$ cat start.txt   # compact mmCIF, C-alpha atoms
# COMPACT_ATOMS: atom_id res chain seq x y z
CA MET A 93 146.09 91.31 161.17
CA HIS A 94 145.69 91.98 157.45
CA ASP A 95 146.22 88.26 156.87
CA ILE A 96 142.67 87.73 158.13
CA ASP A 97 141.34 90.06 155.46
CA LEU A 98 143.58 88.35 152.90
CA ILE A 99 142.21 84.91 153.71
CA VAL A 100 138.62 86.18 153.37
CA SER A 101 139.43 87.88 150.07
CA VAL A 102 141.04 84.74 148.64
CA ALA A 103 138.06 82.63 149.75
CA LYS A 104 135.74 85.10 148.01
CA GLN A 105 137.83 84.82 144.83
CA ILE A 106 137.47 81.04 144.86
CA GLU A 107 133.79 80.64 145.64
CA GLY A 108 131.53 80.63 142.62
CA ASN A 109 134.36 80.77 140.11
CA THR A 110 135.79 77.26 140.14
CA ILE A 111 135.07 74.55 137.57
CA CYS A 112 134.54 72.02 140.37
CA PRO A 113 132.43 72.53 143.52
CA LEU A 114 135.21 70.97 145.59
CA GLY A 115 136.97 74.32 145.26
CA GLU A 116 134.09 76.03 147.04
CA ALA A 117 134.06 73.27 149.61
CA ALA A 118 137.59 74.28 150.51
CA ALA A 119 136.81 78.00 150.61
CA TRP A 120 133.55 78.01 152.58
CA PRO A 121 134.73 76.53 155.92
CA VAL A 122 137.63 78.99 156.03
CA ALA A 123 135.41 81.97 155.26
CA ALA A 124 132.81 80.76 157.77
CA ALA A 125 135.42 80.33 160.52
CA VAL A 126 136.56 83.90 160.06
CA ARG A 127 132.99 85.20 159.86
CA HIS A 128 131.90 83.55 163.13
CA PHE A 129 135.11 83.67 165.17
CA ARG A 130 136.82 86.79 163.90
CA ASP A 131 137.38 88.24 167.40
CA GLU A 132 139.11 85.03 168.47
CA PHE A 133 141.46 85.18 165.46
CA GLU A 134 142.24 88.79 166.33
CA TRP A 135 142.84 87.89 169.99
CA HIS A 136 145.45 85.34 168.90
CA VAL A 137 147.22 88.03 166.89
CA THR A 138 147.07 90.78 169.52
CA HIS A 139 147.81 88.56 172.56
CA PRO A 140 150.42 86.03 171.37
CA LYS A 141 151.74 85.31 174.90
CA GLU A 142 148.36 84.49 176.42
CA ALA A 143 147.28 82.56 173.34
CA THR A 144 150.30 80.23 173.37
CA ALA A 145 150.36 79.67 177.15
CA PRO A 146 149.49 76.11 178.30
CA GLY A 147 145.78 75.64 178.74
CA ALA A 148 144.97 78.98 177.12
CA ALA A 149 141.44 79.47 175.89
CA TYR A 150 139.70 82.45 174.44
CA ARG A 151 136.95 83.58 176.78
CA GLY A 152 135.47 86.37 174.72
CA ASN A 153 135.91 90.10 174.85
CA LEU A 154 133.91 90.62 178.05
CA VAL A 155 136.17 88.46 180.22
CA LEU A 156 139.34 90.02 178.88
CA ALA A 157 138.15 93.58 179.36
CA MET B 281 119.25 81.49 115.03
CA ALA B 282 119.51 83.09 118.45
CA LYS B 283 119.67 86.78 119.23
CA ILE B 284 121.75 87.77 122.26
CA THR B 285 122.75 91.07 123.80
CA PHE B 286 126.43 91.19 124.67
CA ASP B 287 127.53 94.30 126.58
CA GLY B 288 124.60 96.20 125.11
CA ILE B 289 125.41 95.13 121.54
CA GLU B 290 122.89 92.89 119.83
CA VAL B 291 124.16 90.07 117.66
CA GLU B 292 122.48 87.16 115.92
CA VAL B 293 124.29 83.83 115.83
CA PRO B 294 123.34 80.23 114.93
CA ASP B 295 121.99 78.00 117.70
CA GLY B 296 124.65 76.14 119.63
CA THR B 297 127.28 78.87 119.27
CA THR B 298 129.13 79.55 122.48
CA ILE B 299 128.94 82.98 124.14
CA LEU B 300 132.64 83.50 123.44
CA ASN B 301 132.24 82.91 119.72
CA ALA B 302 129.22 85.22 119.64
CA ALA B 303 131.40 87.89 121.28
CA ARG B 304 134.15 87.24 118.74
CA LYS B 305 131.58 87.85 116.01
CA ILE B 306 131.15 91.33 117.49
CA GLY B 307 134.91 91.70 117.86
CA GLY B 308 136.75 94.58 119.49
CA GLY B 309 137.42 95.11 123.15
CA VAL B 310 134.30 93.34 124.40
CA VAL B 311 135.70 89.88 123.60
CA PRO B 312 136.49 87.97 126.81
CA PRO B 313 140.08 86.69 127.08
CA ALA B 314 140.65 82.94 126.69
CA MET B 315 143.65 81.01 127.96
CA CYS B 316 142.61 77.38 127.49
CA TYR B 317 139.92 77.53 124.79
CA TYR B 318 141.21 76.85 121.27
CA THR B 319 138.68 76.90 118.43
CA PRO B 320 140.14 74.07 116.29
CA LEU B 321 140.51 71.69 119.24
CA LYS B 322 137.42 69.72 120.25
CA GLY B 323 136.79 69.59 123.99
CA SER B 324 139.07 72.48 124.92
CA GLY B 325 137.85 75.24 127.20
CA GLY B 326 136.29 75.64 130.62
CA LYS B 327 139.48 75.17 132.63
CA CYS B 328 141.24 78.49 133.04
CA ARG B 329 138.16 80.57 134.01
CA ALA B 330 139.62 83.61 132.23
CA CYS B 331 136.53 84.02 130.08
CA LEU B 332 133.95 84.14 132.92
CA VAL B 333 131.00 86.42 132.12
CA ARG B 334 127.80 87.34 133.92
CA VAL B 335 124.55 86.20 132.35
CA ALA B 336 122.00 88.83 133.37
CA ALA B 337 119.12 87.03 131.66
CA GLY B 338 119.23 83.35 130.77
CA SER B 339 116.87 83.41 127.78
CA ALA B 340 113.69 85.03 126.46
CA LYS B 341 111.58 82.23 128.00
CA ASP B 342 113.30 82.27 131.38
CA PRO B 343 114.78 85.75 131.96
CA ARG B 344 116.22 84.96 135.40
CA PRO B 345 119.96 85.69 135.74
CA MET B 346 122.31 82.75 136.17
CA PRO B 347 123.38 82.43 139.81
CA LYS B 348 127.10 82.11 139.13
CA LEU B 349 129.41 83.56 136.52
CA VAL B 350 129.65 81.16 133.59
CA ALA B 351 132.61 80.23 131.40
CA SER B 352 131.69 81.83 128.09
CA CYS B 353 133.78 79.43 126.01
CA ILE B 354 131.66 76.38 126.83
CA THR B 355 128.22 77.92 127.46
CA PRO B 356 125.95 77.88 124.39
CA VAL B 357 123.81 80.94 123.66
CA GLN B 358 120.04 80.97 124.01
CA ASP B 359 117.61 83.30 122.32
CA GLY B 360 117.17 86.50 124.33
CA MET B 361 120.25 85.99 126.49
CA VAL B 362 121.74 89.14 128.04
CA VAL B 363 125.45 88.87 128.81
CA GLU B 364 127.64 91.33 130.65
CA ASN B 365 131.39 91.29 130.29
CA THR B 366 133.20 94.63 130.42
CA THR B 367 130.07 96.38 131.68
CA SER B 368 129.97 94.30 134.86
CA GLU B 369 132.15 95.40 137.78
CA GLN B 370 131.86 91.90 139.27
CA VAL B 371 133.33 90.23 136.18
CA LEU B 372 136.27 92.64 136.05
CA ASN B 373 137.05 92.06 139.73
CA VAL B 374 136.82 88.28 139.38
CA ARG B 375 139.20 88.44 136.41
CA LYS B 376 141.79 90.18 138.57
CA GLY B 377 141.49 87.24 140.96
CA ILE B 378 141.87 84.75 138.10
CA VAL B 379 145.10 86.44 136.99
CA GLU B 380 146.39 86.26 140.54
CA MET B 381 145.53 82.55 140.81
CA LEU B 382 147.12 81.71 137.43
CA LEU B 383 150.29 83.55 138.42
CA ILE B 384 150.63 81.81 141.80
CA ASN B 385 152.79 79.02 140.40
CA HIS B 386 154.01 80.83 137.30
CA PRO B 387 157.63 81.95 137.54
CA LEU B 388 158.21 85.58 136.59
CA ASP B 389 161.08 84.63 134.29
CA CYS B 390 159.75 86.48 131.24
CA PRO B 391 163.20 88.06 130.65
CA VAL B 392 164.69 84.64 129.83
CA CYS B 393 161.55 83.02 128.40
CA ASP B 394 161.35 82.34 124.67
CA GLN B 395 157.60 82.97 124.68
CA ALA B 396 157.90 86.52 126.04
CA GLY B 397 156.40 88.98 123.62
CA GLU B 398 153.84 86.60 122.21
CA CYS B 399 152.64 85.04 125.45
CA ASP B 400 148.90 84.78 126.13
CA LEU B 401 149.42 84.90 129.87
CA GLN B 402 151.58 88.01 129.58
CA ASN B 403 148.86 89.77 127.57
CA PHE B 404 146.13 88.56 129.91
CA ALA B 405 147.95 89.72 133.04
CA PHE B 406 148.83 93.06 131.43
CA GLU B 407 145.28 93.80 130.31
CA HIS B 408 143.27 92.39 133.18
CA GLY B 409 145.51 91.84 136.19
CA VAL B 410 146.81 93.91 139.05
CA SER B 411 150.42 95.02 139.24
CA THR B 412 151.23 93.41 142.60
CA THR B 413 151.10 89.92 144.03
CA ARG B 414 150.02 88.86 147.50
CA TYR B 415 151.61 85.42 147.24
CA GLU B 416 154.51 84.87 149.63
CA GLU B 417 154.89 81.08 149.78
CA GLU B 418 157.23 78.93 147.72
CA ARG B 419 156.23 78.29 144.11
CA ARG B 420 156.33 74.78 142.76
CA THR B 421 159.29 74.18 140.47
CA PHE B 422 160.36 71.44 138.09
CA GLU B 423 163.46 70.53 136.14
CA LYS B 424 163.42 71.22 132.41
CA ILE B 425 162.73 68.07 130.44
CA ASP B 426 163.85 67.37 126.89
CA ILE B 427 161.06 65.55 125.18
CA GLY B 428 162.30 64.51 121.79
CA PRO B 429 164.69 66.27 119.45
CA TYR B 430 162.54 69.35 118.89
CA VAL B 431 160.48 70.18 121.96
CA GLN B 432 161.51 71.15 125.45
CA LEU B 433 159.10 71.04 128.36
CA HIS B 434 159.52 73.57 131.14
CA MET B 435 156.77 72.43 133.49
CA THR B 436 157.29 75.31 135.95
CA ARG B 437 155.69 77.70 133.47
CA CYS B 438 152.71 75.48 132.64
CA ILE B 439 149.21 76.69 133.54
CA LEU B 440 147.58 73.29 132.82
CA CYS B 441 145.34 74.44 129.99
CA TYR B 442 145.36 70.94 128.37
CA ARG B 443 145.70 72.46 124.88
CA CYS B 444 148.78 70.39 124.00
CA VAL B 445 147.07 67.22 125.18
CA TYR B 446 144.10 67.80 122.87
CA THR B 447 146.45 68.70 120.01
CA ALA B 448 148.37 65.47 120.38
CA ASP B 449 145.12 63.53 120.67
CA GLN B 450 143.42 65.02 117.65
CA LEU B 451 146.33 65.69 115.30
CA THR B 452 149.11 63.16 115.74
CA GLU B 453 148.75 59.42 115.26
CA ALA B 454 149.45 58.62 118.90
CA ARG B 455 149.65 60.67 122.05
CA VAL B 456 152.63 60.01 124.28
CA HIS B 457 152.13 62.76 126.86
CA GLY B 458 149.32 63.75 129.17
CA VAL B 459 148.51 65.24 132.54
CA LEU B 460 149.77 63.16 135.46
CA GLY B 461 148.70 63.68 139.04
CA ARG B 462 145.89 65.77 140.47
CA GLY B 463 145.55 69.14 142.13
CA ASP B 464 148.79 70.77 143.11
CA ALA B 465 150.75 67.72 141.87
CA ALA B 466 149.28 67.83 138.35
CA GLU B 467 151.91 68.05 135.65
CA ILE B 468 152.33 67.51 131.93
CA GLY B 469 154.56 64.52 131.37
CA THR B 470 155.39 61.45 129.37
CA TYR B 471 155.45 59.17 132.46
CA ILE B 472 158.64 57.31 131.53
CA GLU B 473 161.14 59.57 129.75
CA ASN B 474 159.60 59.40 126.33
CA SER B 475 160.07 61.54 123.29
CA ILE B 476 157.41 63.48 121.44
CA ASP B 477 158.50 62.89 117.86
CA LYS B 478 155.30 62.02 116.03
CA ASP B 479 154.59 64.01 112.90
CA PHE B 480 152.60 67.21 113.61
CA SER B 481 153.75 67.11 117.25
CA GLY B 482 155.50 70.45 116.70
CA ASN B 483 152.09 72.11 116.83
CA VAL B 484 152.05 71.75 120.64
CA ILE B 485 154.57 74.60 120.64
CA ASP B 486 152.16 76.87 118.79
CA VAL B 487 149.14 76.07 120.94
CA CYS B 488 150.95 76.50 124.27
CA PRO B 489 149.73 79.83 125.71
CA VAL B 490 152.85 80.19 127.88
CA GLY B 491 156.50 79.21 127.46
CA ALA B 492 156.11 75.69 128.83
CA LEU B 493 156.64 73.99 125.48
CA THR B 494 159.32 75.68 123.42
CA ASP B 495 161.04 75.08 120.10
CA LYS B 496 164.53 73.67 120.72
CA THR B 497 165.75 74.82 117.30
CA PHE B 498 164.85 78.43 118.26
CA ARG B 499 165.87 78.27 121.91
CA PHE B 500 167.63 81.42 123.15
CA LYS B 501 168.39 82.47 119.54
CA GLN B 502 166.59 85.78 119.56
CA ARG B 503 163.85 87.75 121.31
CA VAL B 504 160.72 87.54 119.17
CA TRP B 505 160.37 91.29 118.87
CA PHE B 506 163.72 91.57 117.09
CA THR B 507 162.63 89.14 114.37
CA LYS B 508 160.55 90.00 111.31
CA PRO B 509 157.59 87.80 110.42
CA VAL B 510 157.13 87.06 106.73
CA ASN B 511 154.36 84.95 105.23
CA ALA B 512 155.48 82.14 102.94
CA HIS B 513 154.28 78.84 101.54
CA ARG B 514 155.74 75.73 99.99
CA ASP B 515 154.33 72.69 98.28
CA CYS B 516 154.38 70.26 101.19
CA GLY B 517 153.76 66.68 100.19
CA HIS B 518 151.86 65.89 103.37
CA GLU B 519 148.09 65.80 102.84
CA LYS B 520 147.16 67.26 106.26
CA CYS B 521 149.81 70.00 106.12
CA ALA B 522 148.72 73.28 104.58
CA GLY B 523 152.26 74.42 103.86
CA ARG B 524 151.29 78.03 104.63
CA VAL B 525 153.53 79.40 107.38
CA THR B 526 155.14 82.46 108.90
CA LEU B 527 158.93 82.68 108.68
CA TRP B 528 160.64 84.69 111.42
CA TYR B 529 163.67 86.47 109.97
CA LYS B 530 166.65 88.07 111.62
CA GLY B 531 168.68 89.63 108.85
CA LYS B 532 168.91 86.96 106.15
CA ASP B 533 168.44 83.98 108.43
CA VAL B 534 165.19 82.18 109.05
CA LEU B 535 165.32 81.65 112.80
CA ARG B 536 162.09 79.72 113.11
CA VAL B 537 158.98 78.65 111.27
CA THR B 538 155.51 78.78 112.83
CA ALA B 539 151.98 78.26 111.65
CA ARG B 540 149.97 81.40 110.92
CA LYS B 541 147.91 82.70 113.81
CA ASP B 542 144.77 84.81 113.78
CA GLU B 543 143.97 87.82 115.96
CA TYR B 544 143.09 85.59 118.93
CA ASN B 545 146.45 83.83 118.68
CA GLU B 546 144.89 80.67 117.30
CA VAL B 547 146.31 78.50 114.56
CA LYS B 548 143.84 77.83 111.76
CA GLU B 549 146.02 75.60 109.56
CA TRP B 550 148.37 73.07 111.13
CA ILE B 551 151.81 72.46 109.70
CA CYS B 552 153.92 69.31 109.77
CA ASN B 553 157.22 68.83 111.57
CA GLU B 554 159.20 68.85 108.32
CA CYS B 555 157.99 72.36 107.42
CA ARG B 556 158.51 73.59 110.97
CA PHE B 557 161.92 72.20 111.85
CA GLU B 558 163.74 71.14 108.66
CA LYS B 559 163.08 73.91 106.16
CA LYS B 560 165.02 76.91 107.42
CA GLU B 561 166.38 78.27 104.16
CA THR B 562 164.76 81.07 102.18
CA SER B 563 165.18 78.93 99.03
CA ASP B 564 162.77 76.33 100.50
CA TRP B 565 159.89 78.81 100.47
CA VAL B 566 157.85 81.02 98.19
CA ILE B 567 157.72 84.42 99.94
CA GLU B 568 154.34 86.17 100.01
CA GLY B 569 155.20 89.33 101.92
CA PRO B 570 155.31 90.72 105.45
CA ALA B 571 152.90 89.11 107.89
CA HIS B 572 150.23 91.28 109.46
CA ILE B 573 151.13 92.14 113.04
CA ASP B 574 148.13 92.41 115.32
CA ARG B 575 147.86 93.65 118.85
CA SER B 576 148.80 90.35 120.52
CA SER B 577 152.39 90.75 119.36
CA VAL B 578 154.86 92.97 121.12
CA ILE B 579 156.46 93.72 117.73
CA SER B 580 153.75 96.32 117.27
CA ALA B 581 154.68 98.06 120.53
CA ASN B 582 154.02 101.81 120.56
CA HIS B 583 151.78 101.56 117.53
CA TYR B 584 149.28 99.08 118.88
CA GLU B 585 146.25 98.43 116.76
CA LEU B 586 143.39 98.71 119.17
CA PRO B 587 140.80 96.00 118.68
CA VAL B 588 137.93 97.18 116.50
CA ILE B 589 134.35 96.08 116.42
CA ASN B 590 133.29 94.17 113.34
CA PRO B 591 131.91 96.75 110.81
CA GLN B 592 128.93 94.52 109.98
CA VAL B 593 127.82 94.59 113.61
CA ILE B 594 128.29 98.36 113.87
CA ALA B 595 126.01 98.92 110.86
CA ASP B 596 123.08 97.34 112.72
CA LEU B 597 123.58 99.30 115.95
CA PRO B 598 121.53 102.33 116.93
CA GLU B 599 123.56 105.52 116.68
CA SER B 600 123.45 106.25 120.41
CA THR B 601 125.18 102.94 121.21
CA VAL B 602 127.93 103.62 118.67
CA ARG B 603 128.58 107.06 120.16
CA GLU B 604 128.66 105.57 123.65
CA LEU B 605 131.21 102.94 122.53
CA GLU B 606 133.43 105.56 120.92
CA GLN B 607 133.47 107.68 124.06
CA ASN B 608 134.02 104.77 126.48
CA PRO B 609 135.96 102.03 124.71
CA PRO B 610 135.50 98.78 126.64
CA LEU B 611 139.19 97.99 126.83
CA LYS B 612 142.01 100.40 127.43
CA LEU B 613 145.35 98.84 126.62
CA GLY B 614 148.22 99.17 129.04
CA GLY B 615 145.92 99.80 131.97
CA LEU B 616 147.67 98.08 134.85
CA ASN B 617 144.86 98.97 137.17
CA GLY B 618 145.11 98.82 140.92

$ encode --input "start.txt" --output "structure tokens"
Amino acid sequence: MHDIDLIVSVAKQIEGNTICPLGEAAAWPVAAAVRHFRDEFEWHVTHPKEATAPGAAYRGNLVLA
Amino acid sequence: MAKITFDGIEVEVPDGTTILNAARKIGGGVVPPAMCYYTPLKGSGGKCRACLVRVAAGSAKDPRPMPKLVASCITPVQDGMVVENTTSEQVLNVRKGIVEMLLINHPLDCPVCDQAGECDLQNFAFEHGVSTTRYEEERRTFEKIDIGPYVQLHMTRCILCYRCVYTADQLTEARVHGVLGRGDAAEIGTYIENSIDKDFSGNVIDVCPVGALTDKTFRFKQRVWFTKPVNAHRDCGHEKCAGRVTLWYKGKDVLRVTARKDEYNEVKEWICNECRFEKKETSDWVIEGPAHIDRSSVISANHYELPVINPQVIADLPESTVRELEQNPPLKLGGLNG
């Protein structure tokens, strides 16, 4: 689970500090994916069996609860 | 002339000076570290991001802060600029990230590296980095390459600062090496096994901030902190060669010859290959006396000279600022923080 925090922290270290804007272009989509879909990332970590089953799809916290 | 405020210290420098050089005019612990910038080499700087600073006010005319941190080694000063380096928490945190990024592909083989003890990256990581790494993947590795009779290239240690490329471009008659590839595949190389044997090519060893380019005549002979540096000169026939060097003694033997470096580990006077590699007898040289050891050398371990602010600058400061600086020195050595 701490890998999610790690990926955000590395993206924050890259953005704004690179010599070339392509560096930010690599960091922003990753940071944005985590920002908007963090619960889905966490669901994949906490429910590995359901997440890797054929046809599995994340349906949000409400459905799972 | 432009007047800037660097970490609360006012300094006046000529127009067109970079922020880094203005900070070096102040001296002491406020000077940002630099891994790729090298004063005598035109075009160097801006690559390693070690010297990033925050510009809190762009100029007297337009006092808005700059949106991003800027590389101080390539940004010229403007009148009324306010720069924050050690006083900005953001800059210090970003620098920890820079150390981490530079060390991602750097092997931690300092115990067998000839550069250990006088390595810019070692000093930078010690003063500004964190003591742990979060990197778990495989590092990129290369075979050692012998380029010419004097220089060995160990690409694994390279941080791609381009200093040696500029040196070869601006000093020797022809450059035979350069940076091949892009991104993760970028490497210093000679394309087809070529040898770097032009006169003055030995200076790439001095400018290399890490142990990527090492002296083959000194390889594995001795750790640098067991050798004694002595200043010496000889009447070198070459017009571009100053002939003023530092001899590194172990007992009676001269183990290696290097150019003299200043407090920022920069060579001011280049020396030719004959002085560097061929003249290793005391009788070849006129001895001047022991070389001054500054804080960037591990030889001065346990009696480090802490960096001091230029006395001329201190004279112009208000007394309250001086007292503040004495109580909270901007840089504490040996602070492996976090």

$ closest_atom_pairs --input "start.txt" --of "chain A" --to "chain B" --cutoff "12 Å" --atoms "only C-alpha atoms" --output "tab-separated table"
residue	atom	partner	partner_atom	distance
A:His94	CA	B:Arg414	CA	11.3
A:Asp95	CA	B:Arg414	CA	10.1
A:Asp97	CA	B:Arg414	CA	11.8
A:Leu98	CA	B:Arg414	CA	8.4
A:Ile99	CA	B:Arg414	CA	10.7
A:Ser101	CA	B:Gly377	CA	9.4
A:Val102	CA	B:Gly377	CA	8.1
A:Ala103	CA	B:Gly377	CA	10.5
A:Lys104	CA	B:Val374	CA	9.3
A:Gln105	CA	B:Gly377	CA	5.9
A:Ile106	CA	B:Gly377	CA	8.4
A:Glu107	CA	B:Lys348	CA	9.4
A:Gly108	CA	B:Lys348	CA	5.8
A:Asn109	CA	B:Leu349	CA	6.7
A:Thr110	CA	B:Arg329	CA	7.4
A:Ile111	CA	B:Lys327	CA	6.7
A:Cys112	CA	B:Lys327	CA	9.7
A:Pro113	CA	B:Lys348	CA	11.8
A:Leu114	CA	B:Gly463	CA	11.1
A:Gly115	CA	B:Gly463	CA	10.5

$ atom_distance --input "start.txt" --atom1 "atom CA of Val484 of chain B" --atom2 "atom CA of Cys438 of chain B"
12.6 Å

$ axis_aligned_box --input "start.txt" --around "segment 111-119 of chain A" --padding-each-side "5 Å" --output "lines of an AutoDock Vina configuration file"
center_x = 135.0
center_y = 74.5
center_z = 144.1
size_x = 15.2
size_y = 17.0
size_z = 23.0

$ atom_distance --input "start.txt" --atom1 "atom CA of Ile551 of chain B" --atom2 "atom CA of Gln402 of chain B"
25.2 Å

$ atom_distance --input "start.txt" --atom1 "atom CA of Ile567 of chain B" --atom2 "atom CA of Lys541 of chain B"
17.1 Å

$ residues_around --input "start.txt" --residues "segment 120-137 of chain A" --least-positions-apart "6" --cutoff "7 Å" --atoms "all atoms listed in the file" --output "ChimeraX atom specification"
/A:93,100,103,143,150

$ residues_around --input "start.txt" --residues "Phe557 of chain B" --least-positions-apart "4" --cutoff "9 Å" --atoms "all atoms listed in the file" --output "PDB file with C-alpha atoms, in the coordinates of the input"
ATOM      1  CA  TYR B 430     162.540  69.350 118.890  1.00  0.00           C
ATOM      2  CA  GLY B 482     155.500  70.450 116.700  1.00  0.00           C
ATOM      3  CA  ASP B 495     161.040  75.080 120.100  1.00  0.00           C
ATOM      4  CA  THR B 497     165.750  74.820 117.300  1.00  0.00           C
ATOM      5  CA  ARG B 536     162.090  79.720 113.110  1.00  0.00           C
ATOM      6  CA  VAL B 537     158.980  78.650 111.270  1.00  0.00           C
ATOM      7  CA  CYS B 552     153.920  69.310 109.770  1.00  0.00           C
ATOM      8  CA  ASN B 553     157.220  68.830 111.570  1.00  0.00           C
TER       9      ASN B 553
END

$ closest_residue --input "start.txt" --among "B:Cys488, B:Asn403, B:Glu549, B:Ile384" --to "Asp464 of chain B" --atoms "all atoms listed in the file"
B:Ile384

$ residues_around --input "start.txt" --residues "Lys478 of chain B" --least-positions-apart "3" --cutoff "12 Å" --atoms "only C-alpha atoms" --output "JSON list (two decimals) with C-alpha atoms, in the coordinates of the input"
[["chain", "number", "residue", "atom", "x", "y", "z"],
["B", 427, "ILE", "CA", 161.06, 65.55, 125.18],
["B", 428, "GLY", "CA", 162.30, 64.51, 121.79],
["B", 429, "PRO", "CA", 164.69, 66.27, 119.45],
["B", 430, "TYR", "CA", 162.54, 69.35, 118.89],
["B", 431, "VAL", "CA", 160.48, 70.18, 121.96],
["B", 447, "THR", "CA", 146.45, 68.70, 120.01],
["B", 448, "ALA", "CA", 148.37, 65.47, 120.38],
["B", 449, "ASP", "CA", 145.12, 63.53, 120.67],
["B", 451, "LEU", "CA", 146.33, 65.69, 115.30],
["B", 452, "THR", "CA", 149.11, 63.16, 115.74],
["B", 453, "GLU", "CA", 148.75, 59.42, 115.26],
["B", 454, "ALA", "CA", 149.45, 58.62, 118.90],
["B", 455, "ARG", "CA", 149.65, 60.67, 122.05],
["B", 456, "VAL", "CA", 152.63, 60.01, 124.28],
["B", 457, "HIS", "CA", 152.13, 62.76, 126.86],
["B", 474, "ASN", "CA", 159.60, 59.40, 126.33],
["B", 475, "SER", "CA", 160.07, 61.54, 123.29],
["B", 481, "SER", "CA", 153.75, 67.11, 117.25],
["B", 482, "GLY", "CA", 155.50, 70.45, 116.70],
["B", 483, "ASN", "CA", 152.09, 72.11, 116.83],
["B", 484, "VAL", "CA", 152.05, 71.75, 120.64],
["B", 552, "CYS", "CA", 153.92, 69.31, 109.77],
["B", 553, "ASN", "CA", 157.22, 68.83, 111.57],
["B", 554, "GLU", "CA", 159.20, 68.85, 108.32]]

$ residues_around --input "start.txt" --residues "Tyr544 of chain B" --least-positions-apart "4" --cutoff "10 Å" --atoms "all atoms listed in the file" --output "list of chain:residue names"
B:Arg304, B:Val311, B:Pro313, B:Ala314, B:Tyr318, B:Thr319, B:Asp400, B:Asp574, B:Arg575, B:Ser576
